[in-house]
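Peer 1: This is the structure, below, for whatever I ask next.
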Amino acid sequence: MPSFTKLTAIAAPLPLANVDTDKIIPARFLKTIARSGLGKNLFDTLRFNPDGSENPDFVLNREPYRHAQILLAHENFGCGSSREHAPWSLLDFGITCVIATSFADIFYNNCFKNFILPVTLSREQVDALMGDAANGANARLSIDLERQVVVRPSGEEFAFEIDPFRKHLLLNGLDDIGQTLQHATAIDAFEKKREAQQSWIPKVVV
Amino acid sequence: MRTLFDKIWDSHVVEKLPDGTCILYIDRHLVHEVTSPQAFEGLRLAGRKMRRTDATIAVVDHNIPTSDRKAGIAEPESRLQIETLEKNVKEFGVPYFPVLDPRQGIVHVVGPEQGISLPGFTIVCGDSHTSTHGAMGALAFGIGTSEVEHVLATQTLLQKPARNMLVRVDGTLPLGVTAKDVILAIIGKIGTNGGTGHVIEFAGEAIRSLDMAGRLTVCNMAIEAGARAGLIAPDETTFAYIKGRPFAPQGEAFDHAVAYWRTLASDEGAHYDKIVVLNAADIAPMVTWGTNPESVAPITGVVPDPADVADPAARVQMERMLSYMDLQPGQKLDQVPIDVVFIGSCTNARIEDLRAAAAIAAGRHVAPGVRALVVPGSGLIKAQAEAEGIARTLMNAGFEWREAGCSMCLGMNPDKLTPGQRCASTSNRNFEGRQGPGGRTHLLSPAMAAAAAVAGRLVDVREYL
């Protein structure tokens, strides 16, 4: 399994709020039955002109941001649909960390399942990092999950919060279905008790 | 003293892990073709079994064409996704309503319609609009594909409790104001992330007086306010709606269920982390002007001016929205011409929605040059509308009458906008390109959409009452 421990990489600034999942990957690209190969459609409408050529103004079409592994954005990143194709397309492009002022709940959850680290910082901190990122390849950011810090090129550190259980799964590359199945006895017992106490609950049979 | 959310949550905690994360039991899992293929594949690769096929139901909705389906599905990628679902439900033994079954429809319409979604349940689906089922008094929320796989394998999810938020709408709704206008007004007030981290319980006289279709519309768009889920306490309206539905408890079991459901309402004095109050009398028919659902105004209003916005980033974003939508600051909303009208989606494709549209369309005609589609939420709703004469009324007025599915809400099937087209839509998202690349969406109620079709522009439905 993959994991997330430390990352030092180029960060791409995307100074937008409410970046919705249709922007990250439009619905017409959800017809796949695979998890991989979606990077080419990441931010499709922003990245490409209607004729399919690259939009030279979009950050991920410019050097060195084509190689970005960190994305910086403003509030409510990933709002909208529950499509996991959004984190899959980020991951397939090479982005494994998104730093924003806030995230939509489902997207935030989906990131962890794919070993993408979503980091929430204040608007001032994100804007400072966007300033760093504007310096391109000379201004790599570092993320240390164990210590829960983002390190600026100047050496200044921004601490971030993260749920301890999720941190544990990311650091150790653990599959959460495997974790839950260790509690199978408790699930069995719960199910038995629920069936006895709420015997009215029908079964779905067609 | 506990809220409705607290009660449902507490009764589904299998185990609380040391850091507070809970293993939460899931009563109903709804599955569709877009977000499930990789989950079934994951089970297969790990050699895992499905835990509870008898708590699961599958339908196709997102990809399905809304023209005649007897000849099969022309588009190869859509066909593959649907065939993959059919292969998976067969291999794993999942209950399924096939494409040509009259019970097929939009998953969030089918669940309540069949009595599969019930009060006090935890309900999940790989779709953000799972919040819809909260109208039944169930804790219902959207999940990603990895979590779909987690539920298939374990019938549980790893979750931390949300915070409680109360949105109360006091008083009586004025004439011409519907559930859709209420939820758009709420999102306009609290913003697209106003509910983030919270479960919103909708309450107050205006919510209580809504029928189930209206309540489903309100909870459907709780996600557009960023909420994890929307909830409405089950009451006599809910029980009457459920009674006799095919997958609901029957006879004595139904009585036992109702006795339990009556205990679910929030206790007097229960704590909410956030409370928002709206006055029903202040709500007018609403329409969105921008590219997120909080960019909304009464139909009597005008397009806002970015120059009035203090925060530079927000001003740039508003300018971008107006440029995408091709609208001018100060432009009157009821003078905006439209090309397409879409009446459908998990927000507004129930029989009550179609009746409201037909009531406006009756004896009138769609304006020249406007294409108007009506897409019922399920095969059963389509049949009912045909039996009631609603379908005939709409067709006589020049509306297209289609088969059930998600359709132009997200343009995964052939129903989509072409670049630059402007659509009055009863769906839930007005994001850039949502209904097709370059398409422009104005969200509104079914009655407002029907009025827009007739007028050829956005218009105040109250002129047609």
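In the structure tokens, the first chain shown is A, the next is B, and so on; residue numbers restart at 1 for each chain, and ligands run from 1 in the order shown.
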Give the residues of chain A that lie within 7 Å of chain B; count only C-alpha atoms, and format the answer as an MDAnalysis selection string.
Peer 2: chainID A and resid 22 27:28 30:31 33:35 76 80:84 104:106 110 113 164:165 177 181 186:187 190 200:206
Peer 1: Take the selection from the previous step and output its residues with N, CA and C atoms, as a compact mmCIF listing (two decimals), in the first residue's frame.
Peer 2:
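What landed in out.txt:
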```
# COMPACT_ATOMS: atom_id res chain seq x y z
N ASP A 22 -17.00 19.37 -10.22
CA ASP A 22 -17.20 19.44 -11.67
C ASP A 22 -16.04 20.19 -12.33
N ALA A 27 -18.31 15.76 -15.31
CA ALA A 27 -19.04 14.48 -15.25
C ALA A 27 -18.82 13.61 -16.48
N ARG A 28 -18.54 14.25 -17.63
CA ARG A 28 -18.42 13.42 -18.84
C ARG A 28 -17.21 12.48 -18.79
N LEU A 30 -16.53 10.65 -16.14
CA LEU A 30 -16.75 9.68 -15.05
C LEU A 30 -17.21 8.33 -15.58
N LYS A 31 -17.13 8.15 -16.89
CA LYS A 31 -17.68 6.91 -17.46
C LYS A 31 -16.68 5.77 -17.44
N ILE A 33 -14.44 2.67 -15.73
CA ILE A 33 -14.61 1.69 -14.66
C ILE A 33 -13.27 1.43 -13.96
N ALA A 34 -12.28 2.29 -14.26
CA ALA A 34 -10.96 2.17 -13.63
C ALA A 34 -10.71 3.36 -12.71
N ARG A 35 -9.70 3.25 -11.85
CA ARG A 35 -9.33 4.36 -10.97
C ARG A 35 -8.24 5.22 -11.60
N ASN A 76 -13.42 26.08 0.81
CA ASN A 76 -14.44 25.15 0.31
C ASN A 76 -13.97 24.37 -0.92
N GLY A 80 -19.40 20.02 -3.84
CA GLY A 80 -20.21 19.41 -4.89
C GLY A 80 -20.30 17.91 -4.72
N SER A 81 -20.04 17.23 -5.80
CA SER A 81 -20.32 15.80 -5.90
C SER A 81 -19.40 14.95 -5.02
N SER A 82 -19.81 13.69 -4.76
CA SER A 82 -19.01 12.77 -3.95
C SER A 82 -18.01 12.01 -4.79
N ARG A 83 -17.95 12.29 -6.09
CA ARG A 83 -17.12 11.51 -7.01
C ARG A 83 -15.68 11.39 -6.53
N GLU A 84 -15.22 10.17 -6.35
CA GLU A 84 -13.83 9.96 -5.94
C GLU A 84 -12.91 10.17 -7.14
N ALA A 104 -14.59 20.83 1.43
CA ALA A 104 -15.91 20.20 1.55
C ALA A 104 -15.71 18.82 2.17
N ASP A 105 -16.67 18.40 2.99
CA ASP A 105 -16.51 17.18 3.81
C ASP A 105 -16.23 15.91 3.02
N ILE A 106 -17.01 15.66 1.97
CA ILE A 106 -16.87 14.36 1.28
C ILE A 106 -15.53 14.30 0.55
N ASN A 110 -12.52 11.63 1.02
CA ASN A 110 -12.04 10.85 -0.12
C ASN A 110 -10.53 10.96 -0.29
N LYS A 113 -8.56 8.30 1.63
CA LYS A 113 -8.67 6.94 1.10
C LYS A 113 -7.66 6.71 -0.01
N PRO A 164 -6.08 12.05 14.55
CA PRO A 164 -5.02 11.08 14.84
C PRO A 164 -5.19 9.73 14.13
N PHE A 165 -6.44 9.26 14.02
CA PHE A 165 -6.68 7.96 13.39
C PHE A 165 -6.32 8.03 11.90
N ILE A 177 -10.47 -0.80 5.27
CA ILE A 177 -11.39 -1.95 5.32
C ILE A 177 -10.76 -3.05 6.18
N LEU A 181 -12.35 -4.64 9.52
CA LEU A 181 -12.64 -6.08 9.60
C LEU A 181 -12.02 -6.72 10.85
N ALA A 186 -17.50 -7.47 16.69
CA ALA A 186 -18.36 -6.41 17.22
C ALA A 186 -19.48 -6.11 16.23
N ILE A 187 -19.18 -6.15 14.94
CA ILE A 187 -20.23 -5.89 13.93
C ILE A 187 -21.27 -7.01 13.98
N PHE A 190 -23.44 -6.44 17.03
CA PHE A 190 -24.32 -5.29 16.83
C PHE A 190 -25.51 -5.67 15.96
N TRP A 200 -38.82 -5.03 13.18
CA TRP A 200 -39.65 -4.54 12.08
C TRP A 200 -38.85 -4.24 10.82
N ILE A 201 -37.54 -4.14 10.94
CA ILE A 201 -36.73 -3.73 9.78
C ILE A 201 -36.79 -4.79 8.69
N PRO A 202 -37.34 -4.43 7.52
CA PRO A 202 -37.47 -5.43 6.46
C PRO A 202 -36.13 -5.70 5.77
N LYS A 203 -36.06 -6.81 5.09
CA LYS A 203 -34.89 -7.10 4.25
C LYS A 203 -35.22 -6.69 2.82
N VAL A 204 -34.21 -6.25 2.10
CA VAL A 204 -34.42 -5.85 0.70
C VAL A 204 -34.22 -7.08 -0.18
N VAL A 205 -35.32 -7.57 -0.71
CA VAL A 205 -35.24 -8.74 -1.60
C VAL A 205 -36.12 -8.44 -2.81
N VAL A 206 -35.57 -8.59 -4.02
CA VAL A 206 -36.41 -8.36 -5.21
C VAL A 206 -36.63 -9.69 -5.93
```
Peer 1: Using only C-alpha atoms, which protein or nucleic acid residues come within 10 Å of B:Arg262? Drop anything in the same chain fewer than 2 positions from it, and give the result as a list in words.
Peer 2: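 Near B:Arg262, the qualifying residues are Pro119, Gly120, Ala233, Pro234, Asp235, Glu236, Phe239, Ala257, Val258, Ala259, Tyr260, Leu264 and Ala265 of chain B.
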Peer 1: Find the distance between atom CA of B:Val296 and atom CA of B:Asp460 and write it in Å to one decimal.
Peer 2: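 Spanning atom CA of B:Val296 to atom CA of B:Asp460 is a straight-line distance of 14.4 Å.
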Peer 1: Name the residues of stretch 103-141 of chain A that come out as helix (DSSP H, G or I) in a backbone DSSP run; write them as a list in words.
Peer 2: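 Reading the DSSP output for stretch 103-141 of chain A, helix (DSSP H, G or I) covers Asp105, Ile106, Phe107, Tyr108, Asn109, Asn110, Cys111, Phe112, Lys113, Arg123, Glu124, Gln125, Val126, Asp127, Ala128, Leu129, Met130, Gly131, Asp132, Ala133, Gly136, Ala137 and Asn138 of chain A.
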Peer 1: Can I get the selected residues back with C-alpha atoms, as a PDB file, in the first residue's frame?
Peer 2:
```pdb
ATOM      1  CA  ASP A 105     -16.509  17.181   3.815  1.00  0.00           C
ATOM      2  CA  ILE A 106     -16.870  14.361   1.276  1.00  0.00           C
ATOM      3  CA  PHE A 107     -13.863  15.442  -0.786  1.00  0.00           C
ATOM      4  CA  TYR A 108     -11.797  15.756   2.399  1.00  0.00           C
ATOM      5  CA  ASN A 109     -12.743  12.194   3.351  1.00  0.00           C
ATOM      6  CA  ASN A 110     -12.044  10.854  -0.122  1.00  0.00           C
ATOM      7  CA  CYS A 111      -8.504  12.293  -0.079  1.00  0.00           C
ATOM      8  CA  PHE A 112      -7.427  10.094   2.832  1.00  0.00           C
ATOM      9  CA  LYS A 113      -8.667   6.940   1.097  1.00  0.00           C
ATOM     10  CA  ARG A 123      -6.233  32.441   4.724  1.00  0.00           C
ATOM     11  CA  GLU A 124      -3.101  34.437   5.689  1.00  0.00           C
ATOM     12  CA  GLN A 125      -0.973  31.285   5.767  1.00  0.00           C
ATOM     13  CA  VAL A 126      -2.332  29.993   2.445  1.00  0.00           C
ATOM     14  CA  ASP A 127      -1.726  33.400   0.849  1.00  0.00           C
ATOM     15  CA  ALA A 128       1.840  33.387   2.195  1.00  0.00           C
ATOM     16  CA  LEU A 129       2.406  29.944   0.661  1.00  0.00           C
ATOM     17  CA  MET A 130       0.907  31.174  -2.618  1.00  0.00           C
ATOM     18  CA  GLY A 131       3.491  33.969  -2.500  1.00  0.00           C
ATOM     19  CA  ASP A 132       6.236  31.348  -2.037  1.00  0.00           C
ATOM     20  CA  ALA A 133       4.815  29.209  -4.820  1.00  0.00           C
ATOM     21  CA  GLY A 136       8.401  28.492  -8.836  1.00  0.00           C
ATOM     22  CA  ALA A 137      11.038  25.765  -8.683  1.00  0.00           C
ATOM     23  CA  ASN A 138      13.226  27.741  -6.286  1.00  0.00           C
TER      24      ASN A 138
END
```
Peer 1: May I ask for the distance between atom CA of B:Val107 and atom CA of B:Ser427, given in Å to one decimal place?
Peer 2: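 It comes out at 14.6 Å.
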Peer 1: From the list A:Leu38, A:Leu71, A:Val151, A:Val98, which residue is nearest A:Leu117 when using only C-alpha atoms?
Peer 2: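 Of A:Leu38, A:Leu71, A:Val151, A:Val98, the one nearest A:Leu117, counting only C-alpha atoms, is A:Val98.
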Peer 1: Would you list the contacts of A:Thr8 as a list in words, taking every protein, DNA or RNA residue within 10 Å and counting only C-alpha atoms, but skipping same-chain residues closer than 3 positions in sequence?
Peer 2: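 These residues fall inside the cut-off: Ala11, Gln69, Ile70, Arg140, Leu141, Ser142, Ile143, Asp144, Val150 and Val151 of chain A.
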Peer 1: Tell me, as a PyMOL selection string, which residues lie within 8 Å of A:Ile116, counting only C-alpha atoms; anything in the same chain fewer than 5 positions away does not count.
Peer 2: chain A and resi 4+87+91+95-98+111
Peer 1: Could you work out how far atom CA of B:Ser378 lies from atom CA of B:Ala71, giving the answer in Å with one decimal?
Peer 2: 19.2 Å
Peer 1: Would you list the contacts of stretch 351-363 of chain B as number ranges by chain, taking every protein, DNA or RNA residue within 8 Å and counting only C-alpha atoms, but skipping same-chain residues closer than 4 positions in sequence?
Peer 2: B: 213, 343, 376, 381, 384-385, 390-391, 393-394, 397, 446-451, 454, 464-465
Peer 1: For stretch 372-375 of chain B, work out the shell of residues within 7 Å, counting only C-alpha atoms and skipping chain neighbours fewer than 2 positions away, then give it as a ChimeraX atom specification.
Peer 2: /B:340-344,349,370,377,399-405,453
Peer 1: Do you know which residues are at most 12 Å from B:Val336 counting only C-alpha atoms, after dropping those on the same chain fewer than 4 positions away, and could you put them as a ChimeraX atom specification?
Peer 2: /B:287-289,299-303,325-328,330-332,422-424,440-442,452,455-460
Peer 1: Can you pull out every residue from stretch 368-455 of chain B that DSSP, working from the backbone, puts in strand (DSSP E or B), and format the result as a ChimeraX atom specification?
Peer 2: /B:371-374,378,400-401,422-425,440-443
Peer 1: For those residues, write C-alpha atoms to a file as a PDB file, in the first residue's frame.
Peer 2:
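To be explicit, this is the file written out as part-v7.pdb:
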```pdb
ATOM      1  CA  ARG B 371     -36.502  23.434 -25.998  1.00  0.00           C
ATOM      2  CA  ALA B 372     -38.242  22.131 -22.869  1.00  0.00           C
ATOM      3  CA  LEU B 373     -37.622  18.656 -21.445  1.00  0.00           C
ATOM      4  CA  VAL B 374     -39.532  16.888 -18.708  1.00  0.00           C
ATOM      5  CA  SER B 378     -38.850   7.031 -12.027  1.00  0.00           C
ATOM      6  CA  GLU B 400     -40.688  16.779 -24.525  1.00  0.00           C
ATOM      7  CA  TRP B 401     -41.772  13.827 -22.372  1.00  0.00           C
ATOM      8  CA  ARG B 422     -28.879  29.131 -21.189  1.00  0.00           C
ATOM      9  CA  CYS B 423     -31.074  26.752 -19.223  1.00  0.00           C
ATOM     10  CA  ALA B 424     -33.786  27.229 -16.608  1.00  0.00           C
ATOM     11  CA  SER B 425     -33.318  24.051 -14.619  1.00  0.00           C
ATOM     12  CA  ARG B 440     -25.306  28.260 -18.379  1.00  0.00           C
ATOM     13  CA  THR B 441     -27.651  27.110 -15.624  1.00  0.00           C
ATOM     14  CA  HIS B 442     -30.291  28.993 -13.655  1.00  0.00           C
ATOM     15  CA  LEU B 443     -31.711  26.928 -10.803  1.00  0.00           C
TER      16      LEU B 443
END
```
Peer 1: Check the smallest atom-to-atom distance from each of A:Tyr65, A:Phe93, A:Phe160, A:Phe77 to A:Lys23 using only C-alpha atoms, then report the winner.
Peer 2: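 Counting only C-alpha atoms, the residue closest to A:Lys23 is A:Phe77.
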